[in-house]
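Listing of query.txt, compact mmCIF, C-alpha atoms
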# COMPACT_ATOMS: atom_id res chain seq x y z
CA MET A 1 0.00 0.00 0.00
CA TYR A 2 1.29 3.43 -0.92
CA TYR A 3 0.49 6.17 1.58
CA GLN A 4 1.10 9.79 2.45
CA PHE A 5 0.18 12.16 5.30
CA ALA A 6 -0.86 15.83 5.25
CA PRO A 7 -2.00 18.27 7.93
CA SER A 8 -5.51 19.64 7.47
CA PRO A 9 -8.03 21.80 9.33
CA LEU A 10 -9.56 18.54 10.66
CA GLY A 11 -6.29 17.00 11.85
CA LEU A 12 -3.76 14.81 10.14
CA LEU A 13 -4.95 13.06 6.96
CA MET A 14 -3.62 9.73 5.74
CA LEU A 15 -4.33 8.80 2.13
CA ALA A 16 -3.46 5.40 0.66
CA GLU A 17 -3.98 3.20 -2.36
CA GLN A 18 -3.23 -0.47 -2.85
CA GLN A 19 -1.13 -0.01 -5.98
CA ALA A 20 0.10 3.19 -7.60
CA ASN A 21 -2.59 4.92 -9.64
CA THR A 22 -5.27 2.26 -9.08
CA GLY A 23 -7.60 4.43 -7.00
CA LEU A 24 -7.72 5.47 -3.39
CA SER A 25 -8.48 2.82 -0.80
CA LEU A 26 -8.13 4.77 2.41
CA LEU A 27 -8.51 8.32 3.72
CA TYR A 28 -8.26 8.52 7.49
CA ILE A 29 -8.36 11.50 9.86
CA GLY A 30 -6.39 11.47 13.09
CA GLU A 31 -3.93 13.11 15.41
CA SER A 32 -0.63 11.35 14.75
CA PRO A 33 1.09 9.37 12.01
CA GLU A 34 1.62 6.50 14.43
CA ALA A 35 -2.06 6.20 15.37
CA LEU A 36 -3.20 6.48 11.75
CA MET A 37 -0.66 3.91 10.63
CA ALA A 38 -1.73 1.48 13.35
CA GLU A 39 -5.38 1.81 12.31
CA ALA A 40 -4.51 1.41 8.62
CA GLU A 41 -2.40 -1.69 9.27
CA ALA A 42 -5.27 -3.19 11.29
CA ALA A 43 -7.73 -2.52 8.46
CA PHE A 44 -5.39 -3.83 5.76
CA PRO A 45 -3.34 -6.59 7.41
CA ASP A 46 -0.62 -8.41 5.54
CA ARG A 47 0.09 -5.42 3.31
CA HIS A 48 3.46 -3.85 2.75
CA TRP A 49 3.29 -0.10 3.44
CA GLN A 50 5.43 2.37 1.51
CA LYS A 51 5.34 6.14 1.78
CA SER A 52 4.88 7.76 -1.63
CA GLU A 53 4.94 11.34 -2.84
CA HIS A 54 2.65 10.54 -5.80
CA LEU A 55 -0.35 10.91 -3.44
CA THR A 56 0.61 14.48 -2.48
CA PRO A 57 -1.40 16.18 -5.29
CA SER A 58 -4.57 14.36 -4.22
CA LEU A 59 -4.00 15.31 -0.59
CA GLU A 60 -3.43 18.92 -1.64
CA LYS A 61 -6.80 18.93 -3.47
CA ILE A 62 -8.57 17.53 -0.41
CA CYS A 63 -6.91 20.02 1.95
CA SER A 64 -7.67 22.88 -0.42
CA ALA A 65 -11.35 21.92 -0.43
CA LEU A 66 -11.37 21.85 3.37
CA GLU A 67 -9.64 25.22 3.66
CA SER A 68 -11.85 26.90 1.04
CA LYS A 69 -15.04 25.20 2.33
CA LYS A 70 -15.80 23.86 -1.14
CA PRO A 71 -16.95 20.40 -2.30
CA PHE A 72 -14.39 17.65 -2.12
CA PRO A 73 -12.70 16.68 -5.39
CA GLU A 74 -13.83 13.62 -7.26
CA LEU A 75 -10.86 11.29 -7.11
CA PRO A 76 -10.65 7.71 -8.37
CA MET A 77 -11.35 5.18 -5.65
CA ASN A 78 -10.74 1.46 -5.34
CA LEU A 79 -12.92 0.28 -2.47
CA THR A 80 -13.44 -3.16 -1.03
CA GLY A 81 -16.82 -3.91 0.47
CA THR A 82 -19.93 -6.01 0.17
CA ALA A 83 -22.45 -5.27 -2.55
CA PHE A 84 -24.68 -3.62 0.07
CA GLN A 85 -21.84 -1.45 1.40
CA GLN A 86 -20.97 -0.39 -2.15
CA GLN A 87 -24.62 0.55 -2.71
CA VAL A 88 -24.71 2.64 0.47
CA TRP A 89 -21.40 4.32 -0.36
CA GLN A 90 -22.68 5.25 -3.82
CA ALA A 91 -25.86 6.71 -2.30
CA LEU A 92 -23.74 8.73 0.14
CA GLN A 93 -21.89 10.30 -2.78
CA ASP A 94 -25.25 11.47 -4.14
CA ILE A 95 -25.98 13.61 -1.06
CA PRO A 96 -25.31 17.21 -2.12
CA PHE A 97 -22.57 19.25 -0.43
CA GLY A 98 -24.07 21.14 2.52
CA GLU A 99 -27.08 18.84 2.94
CA THR A 100 -27.80 16.03 5.37
CA ILE A 101 -30.03 12.98 5.34
CA SER A 102 -31.15 10.65 8.11
CA TYR A 103 -30.16 7.01 8.28
CA SER A 104 -33.81 6.05 7.78
CA GLN A 105 -34.18 8.35 4.75
CA LEU A 106 -31.06 6.80 3.24
CA ALA A 107 -32.43 3.29 3.85
CA GLU A 108 -35.69 4.33 2.16
CA ARG A 109 -33.79 5.77 -0.81
CA LEU A 110 -32.13 2.41 -1.21
CA GLY A 111 -35.54 0.73 -1.22
CA MET A 112 -34.83 -0.99 2.10
CA PRO A 113 -36.70 1.00 4.77
CA THR A 114 -36.05 -1.59 7.48
CA ALA A 115 -32.28 -1.64 6.88
CA VAL A 116 -31.49 1.43 9.00
CA ARG A 117 -28.93 -0.37 11.19
CA ALA A 118 -27.30 -1.99 8.17
CA VAL A 119 -27.02 1.45 6.53
CA ALA A 120 -25.40 2.83 9.69
CA SER A 121 -23.01 -0.13 9.75
CA ALA A 122 -22.05 0.46 6.09
CA CYS A 123 -21.38 4.12 6.91
CA GLY A 124 -19.09 3.01 9.73
CA ALA A 125 -17.22 0.65 7.37
CA ASN A 126 -16.34 3.49 5.01
CA GLN A 127 -12.54 3.57 4.64
CA VAL A 128 -12.48 6.82 2.63
CA ALA A 129 -13.49 9.69 4.91
CA LEU A 130 -14.70 12.89 3.25
CA LEU A 131 -14.72 11.49 -0.30
CA ILE A 132 -17.60 9.21 0.67
CA PRO A 133 -19.44 11.72 2.86
CA CYS A 134 -20.85 9.58 5.67
CA HIS A 135 -20.60 12.73 7.81
CA ARG A 136 -23.76 13.96 6.02
CA VAL A 137 -25.91 11.26 7.65
CA VAL A 138 -27.66 12.22 10.89
CA ARG A 139 -30.33 10.84 13.18
CA LYS A 140 -33.98 11.15 12.22
CA ASN A 141 -34.38 14.11 14.62
CA GLY A 142 -31.35 15.86 13.10
CA ASP A 143 -28.99 15.10 15.98
CA LEU A 144 -25.44 14.05 15.21
CA SER A 145 -24.52 10.46 15.94
CA GLY A 146 -21.68 8.03 15.46
CA TYR A 147 -18.90 9.25 13.25
CA ARG A 148 -15.77 7.15 13.01
CA TRP A 149 -13.57 10.25 13.18
CA GLY A 150 -15.43 11.80 16.13
CA ILE A 151 -18.59 13.85 16.58
CA ALA A 152 -16.55 17.08 16.89
CA ARG A 153 -15.11 16.52 13.40
CA LYS A 154 -18.56 15.68 12.04
CA ARG A 155 -19.92 18.92 13.51
CA GLN A 156 -16.96 20.84 12.06
CA LEU A 157 -17.48 19.32 8.60
CA LEU A 158 -21.21 20.03 8.55
CA ALA A 159 -20.60 23.61 9.72
CA MET A 160 -17.96 24.06 7.02
CA GLU A 161 -20.31 22.72 4.34
CA SER A 162 -23.16 24.97 5.48
CA GLY A 163 -20.91 28.02 5.25
CA ASP A 164 -20.52 28.63 9.00
Is it possible to express this structure as structure tokens?
Amino acid sequence: MYYQFAPSPLGLLMLAEQQANTGLSLLYIGESPEALMAEAEAAFPDRHWQKSEHLTPSLEKICSALESKKPFPELPMNLTGTAFQQQVWQALQDIPFGETISYSQLAERLGMPTAVRAVASACGANQVALLIPCHRVVRKNGDLSGYRWGIARKRQLLAMESGD
């Protein structure tokens, strides 16, 4: 796996792909390279990790979007997940910048109104923070809930997208 780090307004970003120029497989947000690396190695065991500068332009685009409070760039991704997870992740990408949707609304959009917990689980399995915007999913009453990278970051992202 090729990887690179970059500081951002949300904390340290770690971007990775399985092979050079095959699409992004991981975008994590954290506090330290060591913690991010440990999480990445746990998610992708038995992989060789190599730092690579070729990911720097993509990281710069992501950081620029965060700093300018603009939509995230569309970058090629290479994601591993079940067919259901892939379906949820695609639906997440269809949520417009600056808008939110509830877990139950997302399940209904997918034609599976009783799959609310499965939708939430698929959001939690997202390995590509920001680019698959699981931060745009909220509780039915509008409250913020579970975000892999922390509720404070979710609040910060939603405020950024709403122009606050």
What separation in Å, quoted to one decimal, exists between atom CA of A:Ile151 and atom CA of A:Leu24? 24.2 Å
Quick one: residues within 9 Å of stretch 154-156 of chain A, all atoms listed in the file counted, chain neighbours fewer than 2 positions away excluded, as a list in words? Leu10, His135, Arg136, Leu144, Ser145, Gly146, Tyr147, Trp149, Gly150, Ile151, Ala152, Leu158, Ala159, Met160 and Glu161 of chain A
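Proximity of A:Glu34, A:Glu17, A:Glu99, A:Glu67 to A:His48, computed with all atoms listed in the file, is greatest for A:Glu17.
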How far is it from atom CA of A:Glu60 to atom CA of A:Pro73, in Å with one decimal? 10.2 Å
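Atom pair atom CA of A:Ala35 / atom CA of A:Pro76 has a distance of 25.3 Å (rounded to one decimal).
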Quick one: everything within 12 Å of A:Arg109, counting only C-alpha atoms, minus sequence neighbours fewer than 3 positions away in the same chain. Send it as an mmCIF file with C-alpha atoms, in the frame of the given file.
data_model
loop_
_atom_site.group_PDB
_atom_site.id
_atom_site.type_symbol
_atom_site.label_atom_id
_atom_site.label_comp_id
_atom_site.auth_asym_id
_atom_site.auth_seq_id
_atom_site.Cartn_x
_atom_site.Cartn_y
_atom_site.Cartn_z
ATOM 1 C CA GLN A 87 -24.620 0.550 -2.710
ATOM 2 C CA VAL A 88 -24.710 2.640 0.470
ATOM 3 C CA GLN A 90 -22.680 5.250 -3.820
ATOM 4 C CA ALA A 91 -25.860 6.710 -2.300
ATOM 5 C CA LEU A 92 -23.740 8.730 0.140
ATOM 6 C CA ASP A 94 -25.250 11.470 -4.140
ATOM 7 C CA ILE A 95 -25.980 13.610 -1.060
ATOM 8 C CA ILE A 101 -30.030 12.980 5.340
ATOM 9 C CA SER A 102 -31.150 10.650 8.110
ATOM 10 C CA TYR A 103 -30.160 7.010 8.280
ATOM 11 C CA SER A 104 -33.810 6.050 7.780
ATOM 12 C CA GLN A 105 -34.180 8.350 4.750
ATOM 13 C CA LEU A 106 -31.060 6.800 3.240
ATOM 14 C CA MET A 112 -34.830 -0.990 2.100
ATOM 15 C CA PRO A 113 -36.700 1.000 4.770
ATOM 16 C CA THR A 114 -36.050 -1.590 7.480
ATOM 17 C CA ALA A 115 -32.280 -1.640 6.880
ATOM 18 C CA VAL A 116 -31.490 1.430 9.000
ATOM 19 C CA VAL A 119 -27.020 1.450 6.530
#
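The residue that comes closest to A:Ile29, out of A:Lys69, A:Lys140, A:Arg117, A:Arg148 and on the basis of only C-alpha atoms, is A:Arg148.
Summary of the local environment: counting only C-alpha atoms, residues at most 7 Å from A:Met77, other than itself and those fewer than 2 positions away along its chain, are A:Gly23, A:Leu24, A:Ser25, A:Leu75, A:Leu79.
Closest approach to A:Cys123 among A:Gln93, A:Gln85, A:Thr100, A:Asn78: A:Gln85, based on all atoms listed in the file.
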For A:Ala42, which residue out of A:Gln127, A:Ser121, A:Ser162, A:Pro9 is the nearest one, using all atoms listed in the file? A:Gln127
Which residue of A:Thr80, A:Ser8, A:Gln18, A:Leu13 approaches A:Asn126 most closely, using only C-alpha atoms: A:Thr80
